[in-house]
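> Here you go, one structure.
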Amino acid sequence: MGKFSNAMWRMLGAQTSRNQSQSLSMIEMSTKHNDWAAELSDKDFAAQAAELDMSVAEDRAKFLALVREGGDRTLDMKPFDVQLQGALRMLEGDVVEMATGEGKTLAGAIAAIGYALDGHQIHVVSVNDYLASRDAKWMKPLYDLFGISVASISEHSTREQRQAAYDADVTYASVNEIGFDVLRDHLALTVEDLVAPQPDVVIVDEADSVLVDEALVPLILAGSTDAEIPNSAIHEVVAHLRPKHYELDSDGKNVSLTDEGAQFVESTLGGINLYDEQHVASTLVHVNVALYAYYLLERDVDYIVRDGGIHLINAARGRVARLQRWPDGVQAAVEYKEGLNPTEAGEVIDTITVQALIGRYPRVAGMTGTAIAAGEQFRQFYDLAVSQIPPNAPNIRKDDPDRVYDNKAHKVEAVVDFVAEIHETGQPILIGTHDVAQSEELAYFLERAGVPSVVLNAKNDAEEAVIIAEAGRKAAVTVSTQMAGRGTDIRLGGSDGDEEAREEVLKLGGLCVVGTGRYDTERLDNQLRGRAGRQGDPGRSVFFSSMEDPLVTKNLTHQREQQSESADGSLGAKGVESVVNAQKIAEGAMLQLHANTWDYNKQVNEQRNSIVRRRMKVLETDLALTDLREAEPERYAELAETVDEPVLVEAARQIVLYHLDRVWADHLAYIADVQASIHLRALGAQSPLEEFHKLIFAEFTKLSDEAMEASRKTFVDATITNDGVDLGLEGLHRSTMTWTYLVHENHFASAGAQAIQGIVGIFR
């Protein structure tokens, strides 16, 4: 599959060898400038770099000589040719694939320096705050040498700190933080409140995670409302349902009452009819939310309970999703389920998808260890090509054939036996699991088999760097959830750099990576596998799967019941084929989901851009007063006699901004209602997509007039003095607290929409 996939992705989006040859020629050309660069003093570096014209081949060759010397001088990291090659391809706007451990961080910094020397402002986008902060500090000496300012943003950054960070030449930040800054600017009431700068160049680290996995996730800004108190009677009845009362769909993503279950709920709640006019839009909705919380969201898989609160787990990263929450009813339902006090709810003020966020940048480049497999998505949704950069040293890792078993019990037994056997030799082992519960269960079985292990999951991710750094020590056994974006290198022999210890582990075969089940996409498998055999080191990897794994049960229902002819439950080549087929189906479904999400969100993004442009004109000019003066000349003349003109300008601005924000929030609520029911259009032989666009377009055309009419009325009725206007006295209240959260939902899957489907949020 790998060879076919690589060829296909190259055809669809990977760069040709001709472009790679140009990069290699440029690197070769740069060597003649090495002596010149080496003779420069530190204080001369920035001046010499500033004189370069990055569009001229000779100057670009000099630039490579400078960064080669600069990396060695400031970081003790002289870039390898492959790192320079990766940087050059990013300067051409590619997503580069560089294997794990090949030095993407330095390559990305070199590309950022190149863009900065060309007069651009660069955002280096990562998957989390830890990597953004670490990389900015790590690379700062190199940036300083070139006279280029660098800063980073985290969830703890104040508005002033954010504004200062965005003023730097290069800003490191997580995609969420940049997205939420863009959304929060929608609440700005003065130009001075604005934080997010005009987008220019973005270099995306872990590009497939950000541009593919996270692209399906809308970022939401919401205003706080009173906490929603769940109906205890509904929760009590749902908590006591039996398996015959509810059913899951084949994907295990949706749950609904059976006829018998509906009758049980109706009877227990006093003989009501869930589907009559009185209850269908209220009681039934709350029942469905409770069903979702009790039978789809699993403790230690989807969330953990810690310090009296619910902490969501980011499945793609195996960490607690800090400050994240489900919106409204789902959050309250899970809190009630776990016996916790409910937290605040919220009304959506603005939203943007990661895909639309990245689309704001005129220039996009990226880097990841697994780009080729995401080549179609990069090409289709971002018009990005992929360049595959060869490793600095050949990969000599041994990848064993997959081992597939008929059931989970046999698989776990095989994993434990394999790990125990390898552990006897002293070879360090990294075991990848899919969730907290699985990691703890496996650690328990290993302990029973006499194999001590260290567990890294969402419950102890604060110790992540220490645990991962020691995973290469002799005889270490580390059990971890998702490895994507963990960032910390696994050093053979341990983190202290003892060469004798490293040599001993090398003789044992390096790090052995064990996967306890294939992921929905081969990219995640390869991210785990890539932890072994870094930079030419020896290593080994093997994946164990079973016909009871979620990947198989969700995607190959008709092939699940395979019988093993072996006592250990192994299925051989047929089992491997089934797992591979299940993964292909899952990857195809994800691509279709991405396409559907993009198709449905295109017009919403365009409408948002239109609103933002209008809002910026109101914020930066006297447009609000000009429009209101034309609409109400008598009221304007009356106010002009008693109110200073600058005060009147600001009062008109605040009035129009309020109503513009109000109609947009109402429009988003309307879109959400349409999304929740649009799949029903298919029952009437209508195209859901066409109907969706038709409905929201018709509604959007009314927004401008509605906002202006409401503004005109407030302009006439409100008390406006030289102190301005107090909209609160007029009953026009803005939220005093805002939420930001992520929503994982799929109203557009081919199987049909559900009002609630895997919702995730972040609270500020």
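In the structure tokens, chains take letters A, B, ... by order of appearance, with residues numbered from 1 within each chain and ligands from 1 in the order shown.
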Do you have, as JSON lines, the list of residues of region 21-86 of chain A lying at most 7 Å from region 102-113 of chain A, each with its nearest atom pair and that distance in Å to one decimal, counting only C-alpha atoms and ordered by chain then number?


{"residue": "A:Val67", "atom": "CA", "partner": "A:Ile110", "partner_atom": "CA", "distance": 6.8}
{"residue": "A:Gln83", "atom": "CA", "partner": "A:Ala107", "partner_atom": "CA", "distance": 5.1}
{"residue": "A:Leu84", "atom": "CA", "partner": "A:Ala107", "partner_atom": "CA", "distance": 6.4}
{"residue": "A:Gly86", "atom": "CA", "partner": "A:Ala107", "partner_atom": "CA", "distance": 6.1}

> Can you tell me, as JSON, numbers by chain, what residues are no more than 10 Å from region 550-565 of chain A when counting only C-alpha atoms, ignoring any on the same chain fewer than 4 positions away?

{"A": [249, 250, 251, 252, 253, 405, 406, 407, 517, 518, 519, 520, 521, 545, 546, 569, 570, 571, 572, 574, 575, 578, 579, 580, 581, 582, 583, 584, 585, 586, 589]}

> Would you please give, as a VMD selection string, all residues of region 411-518 of chain A that DSSP assigns to helix (DSSP H, G or I) based on the backbone?

chain A and resid 411 to 425 436 to 448 461 to 469 499 to 507

> Quick one: everything within 12 Å of Val542 (chain A), counting only C-alpha atoms, minus sequence neighbours fewer than 2 positions away in the same chain. Send it as a ChimeraX atom specification.

/A:397-404,414-415,418-419,429-432,511-518,525-526,528-530,532,539-540,544-545

> Residues of region 486-690 of chain A classed as strand (DSSP E) by DSSP on the backbone are to be reported as a PyMOL selection string.

chain A and resi 511-515+539-546

> Pull N, CA, C and O atoms from the residues just selected and write them as a PDB file, in the first residue's frame.


ATOM      1  N   LEU A 511      15.412   1.505  19.735  1.00  0.00           N
ATOM      2  CA  LEU A 511      14.072   1.535  20.333  1.00  0.00           C
ATOM      3  C   LEU A 511      13.133   0.606  19.582  1.00  0.00           C
ATOM      4  O   LEU A 511      13.126   0.571  18.346  1.00  0.00           O
ATOM      5  N   CYS A 512      12.341  -0.147  20.325  1.00  0.00           N
ATOM      6  CA  CYS A 512      11.308  -0.998  19.730  1.00  0.00           C
ATOM      7  C   CYS A 512       9.948  -0.355  19.967  1.00  0.00           C
ATOM      8  O   CYS A 512       9.546  -0.126  21.114  1.00  0.00           O
ATOM      9  N   VAL A 513       9.231  -0.023  18.903  1.00  0.00           N
ATOM     10  CA  VAL A 513       7.904   0.595  18.990  1.00  0.00           C
ATOM     11  C   VAL A 513       6.837  -0.466  18.774  1.00  0.00           C
ATOM     12  O   VAL A 513       6.894  -1.228  17.800  1.00  0.00           O
ATOM     13  N   VAL A 514       5.869  -0.515  19.683  1.00  0.00           N
ATOM     14  CA  VAL A 514       4.771  -1.478  19.598  1.00  0.00           C
ATOM     15  C   VAL A 514       3.464  -0.716  19.507  1.00  0.00           C
ATOM     16  O   VAL A 514       3.127   0.064  20.405  1.00  0.00           O
ATOM     17  N   GLY A 515       2.718  -0.922  18.437  1.00  0.00           N
ATOM     18  CA  GLY A 515       1.390  -0.331  18.297  1.00  0.00           C
ATOM     19  C   GLY A 515       0.331  -1.332  18.709  1.00  0.00           C
ATOM     20  O   GLY A 515       0.372  -2.490  18.286  1.00  0.00           O
ATOM     21  N   GLY A 539      16.315   0.349  14.868  1.00  0.00           N
ATOM     22  CA  GLY A 539      15.034   0.371  15.568  1.00  0.00           C
ATOM     23  C   GLY A 539      14.137  -0.716  15.027  1.00  0.00           C
ATOM     24  O   GLY A 539      14.464  -1.386  14.034  1.00  0.00           O
ATOM     25  N   ARG A 540      13.016  -0.875  15.673  1.00  0.00           N
ATOM     26  CA  ARG A 540      12.087  -1.918  15.270  1.00  0.00           C
ATOM     27  C   ARG A 540      10.665  -1.443  15.557  1.00  0.00           C
ATOM     28  O   ARG A 540      10.436  -0.691  16.504  1.00  0.00           O
ATOM     29  N   SER A 541       9.714  -1.862  14.733  1.00  0.00           N
ATOM     30  CA  SER A 541       8.314  -1.534  14.999  1.00  0.00           C
ATOM     31  C   SER A 541       7.427  -2.704  14.617  1.00  0.00           C
ATOM     32  O   SER A 541       7.742  -3.465  13.689  1.00  0.00           O
ATOM     33  N   VAL A 542       6.318  -2.841  15.338  1.00  0.00           N
ATOM     34  CA  VAL A 542       5.332  -3.866  15.021  1.00  0.00           C
ATOM     35  C   VAL A 542       3.979  -3.410  15.553  1.00  0.00           C
ATOM     36  O   VAL A 542       3.896  -2.791  16.618  1.00  0.00           O
ATOM     37  N   PHE A 543       2.926  -3.686  14.786  1.00  0.00           N
ATOM     38  CA  PHE A 543       1.572  -3.335  15.197  1.00  0.00           C
ATOM     39  C   PHE A 543       0.749  -4.599  15.445  1.00  0.00           C
ATOM     40  O   PHE A 543       0.785  -5.545  14.650  1.00  0.00           O
ATOM     41  N   PHE A 544       0.009  -4.577  16.546  1.00  0.00           N
ATOM     42  CA  PHE A 544      -0.920  -5.650  16.889  1.00  0.00           C
ATOM     43  C   PHE A 544      -2.342  -5.121  16.728  1.00  0.00           C
ATOM     44  O   PHE A 544      -2.659  -4.023  17.199  1.00  0.00           O
ATOM     45  N   SER A 545      -3.195  -5.904  16.079  1.00  0.00           N
ATOM     46  CA  SER A 545      -4.591  -5.505  15.901  1.00  0.00           C
ATOM     47  C   SER A 545      -5.493  -6.701  16.160  1.00  0.00           C
ATOM     48  O   SER A 545      -5.031  -7.844  16.227  1.00  0.00           O
ATOM     49  N   SER A 546      -6.788  -6.420  16.300  1.00  0.00           N
ATOM     50  CA  SER A 546      -7.764  -7.504  16.428  1.00  0.00           C
ATOM     51  C   SER A 546      -9.020  -7.146  15.660  1.00  0.00           C
ATOM     52  O   SER A 546      -9.255  -5.976  15.332  1.00  0.00           O
TER      53      SER A 546
END

> Given the choices A:Gln22, A:Thr481, A:Asn254, A:Ser610, which gets closest to Thr701 (chain A) if the distance is worked out from only C-alpha atoms?

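The shortest atom-to-atom distance to Thr701 (chain A) comes from A:Ser610.
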
> Select, from A:Gly731, A:Gln388, A:Thr478, A:Ala471, the residue with the minimum atom-to-atom distance to Leu492 (chain A), counting only C-alpha atoms.

A:Ala471

> Excluding region 161-163 of chain A and any residue of its chain fewer than 3 positions from it, enumerate the residues within 9 Å of it, using only C-alpha atoms, and give them as JSON, numbers by chain.

{"A": [152, 153, 154, 157, 158, 166, 167, 181, 194, 195, 196, 197]}

> Would you mind reading off the distance between CA of Asp81 (chain A) and CA of Tyr361 (chain A), one decimal, in Å?

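Interatomic distance, CA of Asp81 (chain A) to CA of Tyr361 (chain A): 28.5 Å.
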
> Extract, using only C-alpha atoms, all DNA, RNA and protein residues at most 10 Å from region 357-360 of chain A, discarding same-chain residues fewer than 3 positions from it, and format them as an MDAnalysis selection string.

chainID A and resid 125 175:176 178:180 182:183 198:204 210:211 215 218:219 352:354 363:364 381:382 605 609

> Fewer than 3 positions away in the same chain doesn't count, so skip those; otherwise give me all residues within 8 Å of Ile310 (chain A), counting only C-alpha atoms, as a list of chain:residue names.

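So, after excluding close chain neighbours, the residues are A:Tyr303, A:Ile304, A:Val305, A:Arg306, A:Arg325, A:Val334, A:Glu335.
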
> How far is it from CA of Arg653 (chain A) to CA of Ala624 (chain A), in Å with one decimal?

5.2 Å

> If I take CA of Gly70 (chain A) and CA of Asp169 (chain A), how far is one from the other in Å, to one decimal?

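Separation of CA of Gly70 (chain A) and CA of Asp169 (chain A): 18.0 Å.
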
> Go through A:Asp300, A:Glu39, A:Asp599, A:Asp350 one by one, measure the shortest atom-to-atom distance of each to His186 (chain A) using only C-alpha atoms, and give the residue with the smallest value.

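The answer is A:Asp350, which sits nearest to His186 (chain A).
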